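Data block below; observations after.
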Amino acid sequence: MPVPNLTLNNGVTIPQLGFGVFQTPPEDTQKSVEQALEAGYRHIDTAAAYYNETGVGDAIKATGVPREEIFVTTKLRNGDQGFDSALRAFQNSREALGVDVVDLYLIHWPYARHGRFVDTWKALEKLSGDGRIRAIGVSNFLQGHLEELIANTDVMPTVNQIEVHPTFQQKELSTFTVAQHMEVEAYSPLGQGADLESDVIKGLADKYGKTPAQIVLAWHLAQGRIVIPKSVTPERIVSNFESVDVSLELDELGRIDALDGDNRIGADPATADFDQMQK
Ligand SMILES: NC(=O)c1ccc[n+]([C@@H]2O[C@H](COP(=O)([O-])OP(=O)(O)OC[C@H]3O[C@@H](n4cnc5c(N)ncnc54)[C@H](OP(=O)(O)O)[C@@H]3O)[C@@H](O)[C@H]2O)c1
């Protein structure tokens with residue numbers, strides 16, 4: 001089955017299943033993204049803070065897949081927040097990626113104590129108006145951050161990229177995000193591997209003759225979220241992509257829903273205060 005496209009609130013389409021490169025070493029990134037493109041992924045998720053945008057760009061240059069068929073997301077580091085610094089940071093990301101236009105550009109964290117995400121967003125609005133970015137969005141924004149942003153700016157974010165996996169589902173924040181006509185993008189969708197050990201997930205994997213990761217990714221896809229699993233392992237890159245062929249029964253989706261808990265892996269956006277700058 002082909003990967004479904006979702007239509008963002010500005011009309012731009014995004015492949016629902018993408019490929020993440022957080023913690024992929026810079027020297028391995030080109031190879032890993034080339035393997036993903038070969039496997040069929042057409043959506044790559046990187047960030048300035050991953051320090052591997054150049055590897056993503058090299059893969060885009062090296063592949064035979066036309067640029068317009070690849071959806072590329074990158075993100076603004078916390079320490080680059082502010083109107084002028086965001087404009088500069090975007091230019092650096094664009095050059096590292098070697099692309100004219102970035103498909104989706106996100107504010108990586110609210111970094112709220114510094115009070116700069118509204119001004120930062122205005123820079124993203126300008127870049128988007130200038131045709132440098134096809135869609136703009138946010139990541140790790142809690143409801144209060146979204147409300148403040150929406151009240152003080154003109155363009156709605158298209159997505160909120162947040163941590164979502166079976167044992168940490170953020171249902172209230174997801175419901176609020178969707179009610180505002182934004183897509184939820186699930187990061188760490190496999191719980192960085194930890195959620196694959198659940199008996200419920202393993203049981204469903206046995207039933208269908210699929211991998212636990214395919215079961216978890218099929219659950220995300222069935223619930224309409226964008227999902228961006230990461231792997232540097234060639235067989236996993238391929239098998240994760242094949243999750244589009246897996247469909248679960250309603251009661252099985254419900255059994256995974258019931259695994260919800262408070263197993264947050266990443267930082268809490270309410271308190272996260274790192275600048276993401278390389279020292
Ligand atoms: N916006 C944000 O703040 C934020 C934060 C975190 C992540 N993200 C994005 O979301 C993407 C995914 O999140 P993530 O990298 O944190 O976690 P993830 O995709 O949930 O898990 C990645 C881990 O799971 C392993 N894995 C992958 N496929 C597997 C399989 N089929 N079977 C067993 N293990 C498997 C990988 O190992 P190997 O690589 O060794 O195969 C890696 O250790 C990131 O790459 C990034 O693009 C965004």
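In the structure tokens, chains take the letters A, B, ... in the order shown, each chain's residues start at 1, and ligands count up from 1 in the order shown.
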Sort by chain and increasing residue number a table of all residues of chain A within 6 Å of ligand 1, each with its closest pair of atoms and their distance in Å to one decimal, counting only C-alpha atoms and all ligand atoms, and write it as a Markdown table.
| residue | atom | partner | partner_atom_place_in_ligand_line | distance |
| --- | --- | --- | --- | --- |
| A:Gly20 | CA | ligand 1 | 47 (O) | 3.3 |
| A:Val21 | CA | ligand 1 | 45 (O) | 3.9 |
| A:Phe22 | CA | ligand 1 | 45 (O) | 3.6 |
| A:Asp45 | CA | ligand 1 | 47 (O) | 4.6 |
| A:Thr46 | CA | ligand 1 | 47 (O) | 5.3 |
| A:His108 | CA | ligand 1 | 1 (N) | 5.7 |
| A:Ser139 | CA | ligand 1 | 1 (N) | 5.2 |
| A:Gln161 | CA | ligand 1 | 1 (N) | 5.6 |
| A:Tyr187 | CA | ligand 1 | 10 (O) | 3.8 |
| A:Ser188 | CA | ligand 1 | 13 (O) | 3.2 |
| A:Pro189 | CA | ligand 1 | 20 (O) | 4.1 |
| A:Leu190 | CA | ligand 1 | 20 (O) | 3.4 |
| A:Gly191 | CA | ligand 1 | 20 (O) | 4.3 |
| A:Gln192 | CA | ligand 1 | 21 (O) | 3.2 |
| A:Gly193 | CA | ligand 1 | 24 (O) | 4.1 |
| A:Ala213 | CA | ligand 1 | 31 (N) | 4.7 |
| A:Ile228 | CA | ligand 1 | 11 (C) | 5.1 |
| A:Pro229 | CA | ligand 1 | 19 (O) | 3.5 |
| A:Lys230 | CA | ligand 1 | 19 (O) | 3.9 |
| A:Ser231 | CA | ligand 1 | 39 (O) | 3.2 |
| A:Val232 | CA | ligand 1 | 39 (O) | 4.0 |
| A:Thr233 | CA | ligand 1 | 41 (O) | 4.2 |
| A:Arg236 | CA | ligand 1 | 31 (N) | 4.4 |
| A:Asn240 | CA | ligand 1 | 31 (N) | 5.6 |
Convert the current residue selection to file output with N, CA and C atoms, as a tab-separated table (two decimals), in the first residue's frame.
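That gives us part.tsv:
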chain	number	residue	atom	x	y	z
A	20	GLY	N	12.82	9.58	10.77
A	20	GLY	CA	13.50	10.50	11.68
A	20	GLY	C	15.00	10.22	11.76
A	21	VAL	N	15.76	11.28	12.04
A	21	VAL	CA	17.22	11.10	12.14
A	21	VAL	C	17.80	11.68	13.43
A	22	PHE	N	16.97	11.81	14.47
A	22	PHE	CA	17.50	12.23	15.78
A	22	PHE	C	18.47	11.17	16.28
A	45	ASP	N	12.66	13.76	8.57
A	45	ASP	CA	12.55	14.71	9.69
A	45	ASP	C	13.91	14.90	10.36
A	46	THR	N	14.48	16.12	10.21
A	46	THR	CA	15.73	16.42	10.87
A	46	THR	C	15.54	17.70	11.70
A	108	HIS	N	11.41	24.26	17.48
A	108	HIS	CA	11.66	22.94	18.08
A	108	HIS	C	11.04	22.80	19.48
A	139	SER	N	6.76	22.37	17.70
A	139	SER	CA	7.05	21.08	18.30
A	139	SER	C	7.13	21.28	19.81
A	161	GLN	N	4.47	18.81	16.64
A	161	GLN	CA	5.22	17.54	16.73
A	161	GLN	C	5.52	17.27	18.21
A	187	TYR	N	6.49	11.98	17.72
A	187	TYR	CA	7.92	11.66	17.77
A	187	TYR	C	8.18	10.61	18.84
A	188	SER	N	9.37	9.99	18.75
A	188	SER	CA	9.68	8.79	19.55
A	188	SER	C	8.49	7.82	19.49
A	189	PRO	N	7.99	7.53	18.28
A	189	PRO	CA	6.73	6.77	18.16
A	189	PRO	C	6.84	5.34	18.67
A	190	LEU	N	8.07	4.82	18.75
A	190	LEU	CA	8.25	3.45	19.27
A	190	LEU	C	8.64	3.49	20.74
A	191	GLY	N	8.57	4.69	21.34
A	191	GLY	CA	9.08	4.83	22.71
A	191	GLY	C	10.58	4.55	22.71
A	192	GLN	N	11.24	4.90	21.64
A	192	GLN	CA	12.68	4.62	21.43
A	192	GLN	C	12.98	3.13	21.66
A	193	GLY	N	12.04	2.30	21.30
A	193	GLY	CA	12.22	0.85	21.39
A	193	GLY	C	11.60	0.24	22.64
A	213	ALA	N	7.33	-3.35	16.13
A	213	ALA	CA	7.38	-1.97	15.62
A	213	ALA	C	6.31	-1.75	14.56
A	228	ILE	N	7.07	9.37	12.61
A	228	ILE	CA	8.42	9.51	12.03
A	228	ILE	C	9.44	8.62	12.76
A	229	PRO	N	9.31	7.29	12.63
A	229	PRO	CA	10.27	6.41	13.31
A	229	PRO	C	11.69	6.62	12.80
A	230	LYS	N	12.64	6.41	13.70
A	230	LYS	CA	14.07	6.49	13.34
A	230	LYS	C	14.69	5.11	13.42
A	231	SER	N	15.57	4.81	12.49
A	231	SER	CA	16.44	3.63	12.63
A	231	SER	C	17.68	3.84	11.79
A	232	VAL	N	18.79	3.26	12.24
A	232	VAL	CA	19.99	3.21	11.40
A	232	VAL	C	20.23	1.78	10.93
A	233	THR	N	19.28	0.89	11.20
A	233	THR	CA	19.44	-0.53	10.88
A	233	THR	C	18.69	-0.83	9.58
A	236	ARG	N	15.41	-2.76	9.69
A	236	ARG	CA	14.34	-2.05	10.41
A	236	ARG	C	13.80	-0.89	9.58
A	240	ASN	N	9.95	-1.14	9.09
A	240	ASN	CA	9.12	-0.07	9.64
A	240	ASN	C	8.26	0.56	8.53
Any idea what's packed within 6 Å of segment 257-271 of chain A, counting only C-alpha atoms, ignoring anything in its chain fewer than 6 positions away? Could you give it as a VMD selection string? chain A and resid 140 166 to 169
Find the spatial neighbours of Gly57 of chain A, counting only C-alpha atoms, within a cut-off of 9 Å - ignore same-chain residues fewer than 4 positions away - and output them as a PyMOL selection string. chain A and resi 30+52-53+61-62+95-99
Find the residues around segment 14-16 of chain A up to 12 Å (only C-alpha atoms counted), leave out those fewer than 2 positions away in its own chain, and share them as JSON, numbers by chain. {"A": [2, 3, 4, 5, 6, 7, 8, 9, 10, 11, 12, 18, 19, 40, 41, 42, 43, 44, 45, 68, 69, 70, 71, 72, 73, 103, 104, 134, 135, 158, 159, 183, 184, 185, 186, 217, 218, 220, 221, 222, 223, 224, 225, 226, 227, 228, 229, 241, 243, 244]}
Neighbouring residues of Met277 of chain A were defined as those with any atom within 7 Å, considering only C-alpha atoms; residues of the same chain fewer than 2 positions away were excluded. Please report them as a PDB file with C-alpha atoms, in the first residue's frame.
ATOM      1  CA  GLY A  79      19.141  29.311  21.104  1.00  0.00           C
ATOM      2  CA  ASP A 275      19.586  26.133  24.197  1.00  0.00           C
ATOM      3  CA  LYS A 279      29.520  24.379  22.522  1.00  0.00           C
TER       4      LYS A 279
END
Can you list, as a tab-separated table (two decimals) with N, CA and C atoms, in the first residue's frame, all residues belonging to segment 107-236 of chain A that DSSP tags as alpha helix (DSSP H)?
chain	number	residue	atom	x	y	z
A	117	PHE	N	8.97	32.97	21.58
A	117	PHE	CA	8.41	32.15	20.50
A	117	PHE	C	7.43	32.90	19.60
A	118	VAL	N	6.80	33.96	20.12
A	118	VAL	CA	5.89	34.73	19.26
A	118	VAL	C	6.68	35.48	18.19
A	119	ASP	N	7.76	36.16	18.59
A	119	ASP	CA	8.61	36.86	17.60
A	119	ASP	C	9.24	35.88	16.61
A	120	THR	N	9.62	34.73	17.14
A	120	THR	CA	10.20	33.70	16.28
A	120	THR	C	9.19	33.27	15.22
A	121	TRP	N	7.95	33.08	15.68
A	121	TRP	CA	6.90	32.66	14.75
A	121	TRP	C	6.70	33.70	13.65
A	122	LYS	N	6.81	34.99	14.01
A	122	LYS	CA	6.64	36.05	12.99
A	122	LYS	C	7.71	35.93	11.91
A	123	ALA	N	8.91	35.50	12.31
A	123	ALA	CA	9.96	35.27	11.30
A	123	ALA	C	9.57	34.10	10.39
A	124	LEU	N	9.00	33.06	10.99
A	124	LEU	CA	8.57	31.92	10.17
A	124	LEU	C	7.43	32.33	9.22
A	125	GLU	N	6.54	33.19	9.72
A	125	GLU	CA	5.45	33.69	8.85
A	125	GLU	C	6.05	34.44	7.66
A	126	LYS	N	7.08	35.25	7.93
A	126	LYS	CA	7.70	36.03	6.84
A	126	LYS	C	8.34	35.08	5.81
A	127	LEU	N	9.10	34.11	6.32
A	127	LEU	CA	9.79	33.17	5.41
A	127	LEU	C	8.77	32.39	4.58
A	128	SER	N	7.67	32.06	5.21
A	128	SER	CA	6.63	31.33	4.50
A	128	SER	C	5.99	32.24	3.45
A	129	GLY	N	5.75	33.51	3.82
A	129	GLY	CA	5.18	34.48	2.86
A	129	GLY	C	6.13	34.72	1.70
A	143	GLN	N	-0.70	23.06	25.55
A	143	GLN	CA	-1.90	23.84	25.18
A	143	GLN	C	-1.70	25.33	25.43
A	144	GLY	N	-1.14	25.70	26.58
A	144	GLY	CA	-0.96	27.12	26.90
A	144	GLY	C	-0.04	27.81	25.90
A	145	HIS	N	1.00	27.13	25.46
A	145	HIS	CA	1.90	27.71	24.46
A	145	HIS	C	1.16	27.93	23.14
A	146	LEU	N	0.34	26.94	22.77
A	146	LEU	CA	-0.40	27.07	21.51
A	146	LEU	C	-1.38	28.24	21.60
A	147	GLU	N	-2.06	28.34	22.74
A	147	GLU	CA	-3.05	29.42	22.90
A	147	GLU	C	-2.37	30.79	22.81
A	148	GLU	N	-1.21	30.91	23.44
A	148	GLU	CA	-0.50	32.20	23.40
A	148	GLU	C	-0.06	32.52	21.97
A	149	LEU	N	0.44	31.52	21.27
A	149	LEU	CA	0.90	31.73	19.90
A	149	LEU	C	-0.26	32.15	18.99
A	150	ILE	N	-1.35	31.41	19.10
A	150	ILE	CA	-2.50	31.66	18.21
A	150	ILE	C	-3.08	33.06	18.48
A	151	ALA	N	-3.10	33.46	19.75
A	151	ALA	CA	-3.70	34.76	20.10
A	151	ALA	C	-2.86	35.93	19.60
A	152	ASN	N	-1.58	35.71	19.33
A	152	ASN	CA	-0.69	36.84	19.04
A	152	ASN	C	-0.08	36.82	17.64
A	171	LYS	N	-3.12	12.35	25.25
A	171	LYS	CA	-4.42	12.38	24.57
A	171	LYS	C	-5.06	13.77	24.61
A	172	GLU	N	-4.98	14.44	25.77
A	172	GLU	CA	-5.63	15.77	25.86
A	172	GLU	C	-4.98	16.77	24.93
A	173	LEU	N	-3.65	16.78	24.92
A	173	LEU	CA	-2.94	17.72	24.05
A	173	LEU	C	-3.21	17.39	22.58
A	174	SER	N	-3.28	16.10	22.26
A	174	SER	CA	-3.57	15.70	20.88
A	174	SER	C	-4.96	16.15	20.48
A	175	THR	N	-5.94	15.97	21.38
A	175	THR	CA	-7.31	16.38	21.07
A	175	THR	C	-7.37	17.88	20.85
A	176	PHE	N	-6.69	18.65	21.71
A	176	PHE	CA	-6.69	20.11	21.54
A	176	PHE	C	-6.02	20.48	20.21
A	177	THR	N	-4.91	19.85	19.90
A	177	THR	CA	-4.18	20.15	18.66
A	177	THR	C	-5.07	19.92	17.44
A	178	VAL	N	-5.73	18.77	17.43
A	178	VAL	CA	-6.58	18.43	16.28
A	178	VAL	C	-7.79	19.38	16.22
A	179	ALA	N	-8.32	19.76	17.38
A	179	ALA	CA	-9.47	20.69	17.40
A	179	ALA	C	-9.09	22.03	16.79
A	199	ASP	N	3.62	-6.79	26.41
A	199	ASP	CA	3.01	-8.09	26.05
A	199	ASP	C	1.88	-7.92	25.05
A	200	VAL	N	1.12	-6.84	25.18
A	200	VAL	CA	0.01	-6.59	24.24
A	200	VAL	C	0.57	-6.45	22.83
A	201	ILE	N	1.64	-5.65	22.71
A	201	ILE	CA	2.23	-5.41	21.38
A	201	ILE	C	2.84	-6.71	20.84
A	202	LYS	N	3.54	-7.42	21.70
A	202	LYS	CA	4.17	-8.67	21.24
A	202	LYS	C	3.11	-9.69	20.83
A	203	GLY	N	2.01	-9.74	21.58
A	203	GLY	CA	0.92	-10.67	21.26
A	203	GLY	C	0.33	-10.37	19.89
A	204	LEU	N	0.13	-9.09	19.60
A	204	LEU	CA	-0.44	-8.72	18.30
A	204	LEU	C	0.58	-9.01	17.18
A	205	ALA	N	1.86	-8.80	17.48
A	205	ALA	CA	2.90	-9.10	16.48
A	205	ALA	C	2.87	-10.59	16.15
A	206	ASP	N	2.73	-11.43	17.18
A	206	ASP	CA	2.66	-12.88	16.94
A	206	ASP	C	1.42	-13.23	16.11
A	207	LYS	N	0.29	-12.63	16.48
A	207	LYS	CA	-0.96	-12.94	15.79
A	207	LYS	C	-0.84	-12.64	14.29
A	208	TYR	N	-0.25	-11.50	13.96
A	208	TYR	CA	-0.21	-11.07	12.55
A	208	TYR	C	1.07	-11.49	11.83
A	212	PRO	N	6.92	-6.13	16.33
A	212	PRO	CA	6.26	-5.22	17.28
A	212	PRO	C	6.26	-3.77	16.78
A	213	ALA	N	7.33	-3.35	16.13
A	213	ALA	CA	7.38	-1.97	15.62
A	213	ALA	C	6.31	-1.75	14.56
A	214	GLN	N	6.09	-2.74	13.71
A	214	GLN	CA	5.05	-2.58	12.68
A	214	GLN	C	3.67	-2.44	13.32
A	215	ILE	N	3.45	-3.17	14.43
A	215	ILE	CA	2.16	-3.08	15.13
A	215	ILE	C	1.98	-1.67	15.70
A	216	VAL	N	3.02	-1.16	16.34
A	216	VAL	CA	2.91	0.17	16.95
A	216	VAL	C	2.72	1.25	15.86
A	217	LEU	N	3.46	1.12	14.77
A	217	LEU	CA	3.34	2.13	13.71
A	217	LEU	C	1.96	2.05	13.04
A	218	ALA	N	1.44	0.82	12.89
A	218	ALA	CA	0.09	0.67	12.31
A	218	ALA	C	-0.95	1.33	13.21
A	219	TRP	N	-0.74	1.23	14.53
A	219	TRP	CA	-1.65	1.88	15.50
A	219	TRP	C	-1.62	3.42	15.31
A	220	HIS	N	-0.41	3.98	15.21
A	220	HIS	CA	-0.31	5.44	14.97
A	220	HIS	C	-1.03	5.82	13.67
A	221	LEU	N	-0.75	5.07	12.62
A	221	LEU	CA	-1.32	5.43	11.30
A	221	LEU	C	-2.84	5.35	11.34
A	222	ALA	N	-3.37	4.30	12.02
A	222	ALA	CA	-4.82	4.13	12.09
A	222	ALA	C	-5.47	5.29	12.84
A	234	PRO	N	19.40	-1.23	8.52
A	234	PRO	CA	18.74	-1.37	7.22
A	234	PRO	C	17.45	-2.21	7.25
A	235	GLU	N	17.47	-3.37	7.93
A	235	GLU	CA	16.25	-4.21	7.93
A	235	GLU	C	15.10	-3.51	8.63
A	236	ARG	N	15.41	-2.76	9.69
A	236	ARG	CA	14.34	-2.05	10.41
A	236	ARG	C	13.80	-0.89	9.58
Go through segment 6-240 of chain A and collect every residue that DSSP, computed from the backbone, puts in strand (DSSP E or B); the answer should be as a PyMOL selection string. chain A and resi 6-7+13-15+17+19-20+43-45+71-76+102-107+133-139+159-163+165+168+183-187+226-227+230
Please dump the current selection as a compact mmCIF listing (two decimals), in the first residue's frame; keep N, CA and C atoms.
# COMPACT_ATOMS: atom_id res chain seq x y z
N LEU A 6 -1.49 13.28 4.15
CA LEU A 6 -2.45 14.09 4.89
C LEU A 6 -2.36 15.51 4.34
N THR A 7 -3.49 16.21 4.35
CA THR A 7 -3.49 17.60 3.87
C THR A 7 -3.46 18.52 5.08
N THR A 13 0.36 18.93 1.19
CA THR A 13 0.22 17.53 1.60
C THR A 13 1.54 17.00 2.16
N ILE A 14 1.41 16.09 3.12
CA ILE A 14 2.57 15.51 3.80
C ILE A 14 2.39 14.00 3.89
N PRO A 15 3.41 13.21 3.54
CA PRO A 15 3.30 11.76 3.73
C PRO A 15 3.16 11.43 5.22
N LEU A 17 3.72 8.78 6.94
CA LEU A 17 4.85 8.05 7.54
C LEU A 17 6.15 8.68 7.03
N PHE A 19 10.59 9.55 8.13
CA PHE A 19 11.80 8.92 8.64
C PHE A 19 12.57 9.92 9.49
N GLY A 20 12.82 9.58 10.77
CA GLY A 20 13.50 10.50 11.68
C GLY A 20 15.00 10.22 11.76
N HIS A 43 9.57 11.31 3.18
CA HIS A 43 9.41 12.35 4.19
C HIS A 43 10.52 12.14 5.22
N ILE A 44 11.39 13.14 5.37
CA ILE A 44 12.54 13.05 6.26
C ILE A 44 12.43 14.14 7.32
N ASP A 45 12.66 13.76 8.57
CA ASP A 45 12.55 14.71 9.69
C ASP A 45 13.91 14.90 10.36
N PHE A 71 9.58 15.19 1.03
CA PHE A 71 9.10 16.20 1.99
C PHE A 71 10.14 16.30 3.10
N VAL A 72 10.73 17.50 3.25
CA VAL A 72 11.82 17.67 4.21
C VAL A 72 11.40 18.62 5.33
N THR A 73 11.54 18.13 6.56
CA THR A 73 11.27 18.96 7.74
C THR A 73 12.58 19.24 8.46
N THR A 74 12.76 20.50 8.89
CA THR A 74 13.81 20.77 9.85
C THR A 74 13.27 21.73 10.91
N LYS A 75 14.10 21.97 11.93
CA LYS A 75 13.59 22.70 13.10
C LYS A 75 14.60 23.74 13.57
N LEU A 76 14.08 24.78 14.16
CA LEU A 76 14.89 25.89 14.68
C LEU A 76 15.35 25.58 16.11
N VAL A 102 12.24 24.74 2.02
CA VAL A 102 12.06 23.69 3.05
C VAL A 102 10.56 23.39 3.12
N ASP A 103 10.20 22.13 3.17
CA ASP A 103 8.77 21.79 3.14
C ASP A 103 8.08 22.15 4.46
N LEU A 104 8.74 21.85 5.57
CA LEU A 104 8.11 22.14 6.87
C LEU A 104 9.21 22.61 7.83
N TYR A 105 8.97 23.75 8.46
CA TYR A 105 9.95 24.31 9.40
C TYR A 105 9.26 24.49 10.74
N LEU A 106 9.87 23.94 11.79
CA LEU A 106 9.23 23.94 13.11
C LEU A 106 10.05 24.72 14.12
N ILE A 107 9.36 25.37 15.04
CA ILE A 107 10.01 25.86 16.27
C ILE A 107 10.16 24.62 17.15
N ILE A 133 9.42 28.53 2.65
CA ILE A 133 8.95 27.37 3.41
C ILE A 133 7.52 27.09 2.96
N ARG A 134 7.20 25.82 2.76
CA ARG A 134 5.84 25.49 2.31
C ARG A 134 4.85 25.41 3.47
N ALA A 135 5.35 25.02 4.66
CA ALA A 135 4.45 24.94 5.82
C ALA A 135 5.27 25.20 7.07
N ILE A 136 4.65 25.86 8.05
CA ILE A 136 5.33 26.15 9.31
C ILE A 136 4.55 25.52 10.47
N GLY A 137 5.30 25.14 11.48
CA GLY A 137 4.64 24.47 12.60
C GLY A 137 5.48 24.57 13.86
N VAL A 138 5.04 23.85 14.87
CA VAL A 138 5.71 23.89 16.17
C VAL A 138 5.95 22.46 16.66
N SER A 139 6.76 22.37 17.70
CA SER A 139 7.05 21.08 18.30
C SER A 139 7.13 21.28 19.81
N VAL A 159 1.26 21.93 12.18
CA VAL A 159 1.47 20.71 12.98
C VAL A 159 1.99 21.06 14.36
N ASN A 160 1.77 20.14 15.29
CA ASN A 160 2.46 20.16 16.57
C ASN A 160 3.14 18.80 16.70
N GLN A 161 4.47 18.81 16.64
CA GLN A 161 5.22 17.54 16.73
C GLN A 161 5.52 17.27 18.21
N ILE A 162 4.94 16.21 18.74
CA ILE A 162 5.05 15.93 20.18
C ILE A 162 5.36 14.45 20.41
N GLU A 163 5.85 14.17 21.61
CA GLU A 163 6.14 12.77 21.96
C GLU A 163 4.83 12.00 22.12
N HIS A 165 3.65 7.76 22.11
CA HIS A 165 3.86 6.32 21.90
C HIS A 165 2.92 5.60 22.86
N PHE A 168 2.83 6.61 26.45
CA PHE A 168 2.80 8.06 26.72
C PHE A 168 2.06 8.72 25.55
N GLU A 183 -2.19 19.08 12.61
CA GLU A 183 -1.90 17.65 12.67
C GLU A 183 -0.98 17.37 13.86
N VAL A 184 -1.19 16.21 14.48
CA VAL A 184 -0.27 15.73 15.50
C VAL A 184 0.79 14.89 14.79
N GLU A 185 2.06 15.25 15.04
CA GLU A 185 3.17 14.45 14.51
C GLU A 185 3.77 13.72 15.70
N ALA A 186 3.77 12.40 15.67
CA ALA A 186 4.25 11.62 16.82
C ALA A 186 5.76 11.41 16.72
N TYR A 187 6.49 11.98 17.72
CA TYR A 187 7.92 11.66 17.77
C TYR A 187 8.18 10.61 18.84
N ILE A 226 0.67 11.76 12.02
CA ILE A 226 1.90 11.64 11.25
C ILE A 226 2.89 10.94 12.18
N VAL A 227 3.74 10.08 11.62
CA VAL A 227 4.63 9.30 12.47
C VAL A 227 6.00 9.19 11.81
N LYS A 230 12.64 6.41 13.70
CA LYS A 230 14.07 6.49 13.34
C LYS A 230 14.69 5.11 13.42
Shortest interatomic distance to Leu87 of chain A - which of A:Gly254, A:Arg132, A:Ala36, A:Asp154, counting only C-alpha atoms: A:Arg132
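The space separating atom CA of Asp195 of chain A from atom CA of Gln23 of chain A comes to 18.4 Å.
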I'd like the contact shell of Arg116 of chain A - 10 Å cut-off, only C-alpha atoms, skipping same-chain residues fewer than 5 positions apart - returned as a PDB file with N, CA and C atoms, in the first residue's frame.
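So around-v5.pdb came out as:
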ATOM      1  N   ASN A  78      16.563  26.151  19.947  1.00  0.00           N
ATOM      2  CA  ASN A  78      16.077  27.081  20.977  1.00  0.00           C
ATOM      3  C   ASN A  78      16.924  28.344  21.042  1.00  0.00           C
ATOM      4  N   ASP A  80      18.390  29.847  18.847  1.00  0.00           N
ATOM      5  CA  ASP A  80      18.212  30.709  17.664  1.00  0.00           C
ATOM      6  C   ASP A  80      16.868  31.431  17.674  1.00  0.00           C
ATOM      7  N   GLN A  81      16.098  31.277  18.750  1.00  0.00           N
ATOM      8  CA  GLN A  81      14.800  31.963  18.782  1.00  0.00           C
ATOM      9  C   GLN A  81      14.972  33.479  18.797  1.00  0.00           C
ATOM     10  N   GLY A  82      13.969  34.185  18.254  1.00  0.00           N
ATOM     11  CA  GLY A  82      14.016  35.638  18.094  1.00  0.00           C
ATOM     12  C   GLY A  82      13.835  35.922  16.606  1.00  0.00           C
ATOM     13  N   PHE A  83      13.318  37.099  16.246  1.00  0.00           N
ATOM     14  CA  PHE A  83      12.965  37.360  14.843  1.00  0.00           C
ATOM     15  C   PHE A  83      14.193  37.293  13.929  1.00  0.00           C
ATOM     16  N   PRO A 110       9.080  25.309  22.842  1.00  0.00           N
ATOM     17  CA  PRO A 110       8.599  26.667  23.180  1.00  0.00           C
ATOM     18  C   PRO A 110       9.680  27.505  23.874  1.00  0.00           C
ATOM     19  N   TYR A 111      10.507  26.867  24.702  1.00  0.00           N
ATOM     20  CA  TYR A 111      11.606  27.590  25.374  1.00  0.00           C
ATOM     21  C   TYR A 111      11.006  28.838  26.025  1.00  0.00           C
ATOM     22  N   TRP A 121       7.953  33.082  15.679  1.00  0.00           N
ATOM     23  CA  TRP A 121       6.901  32.661  14.749  1.00  0.00           C
ATOM     24  C   TRP A 121       6.701  33.705  13.645  1.00  0.00           C
TER      25      TRP A 121
END
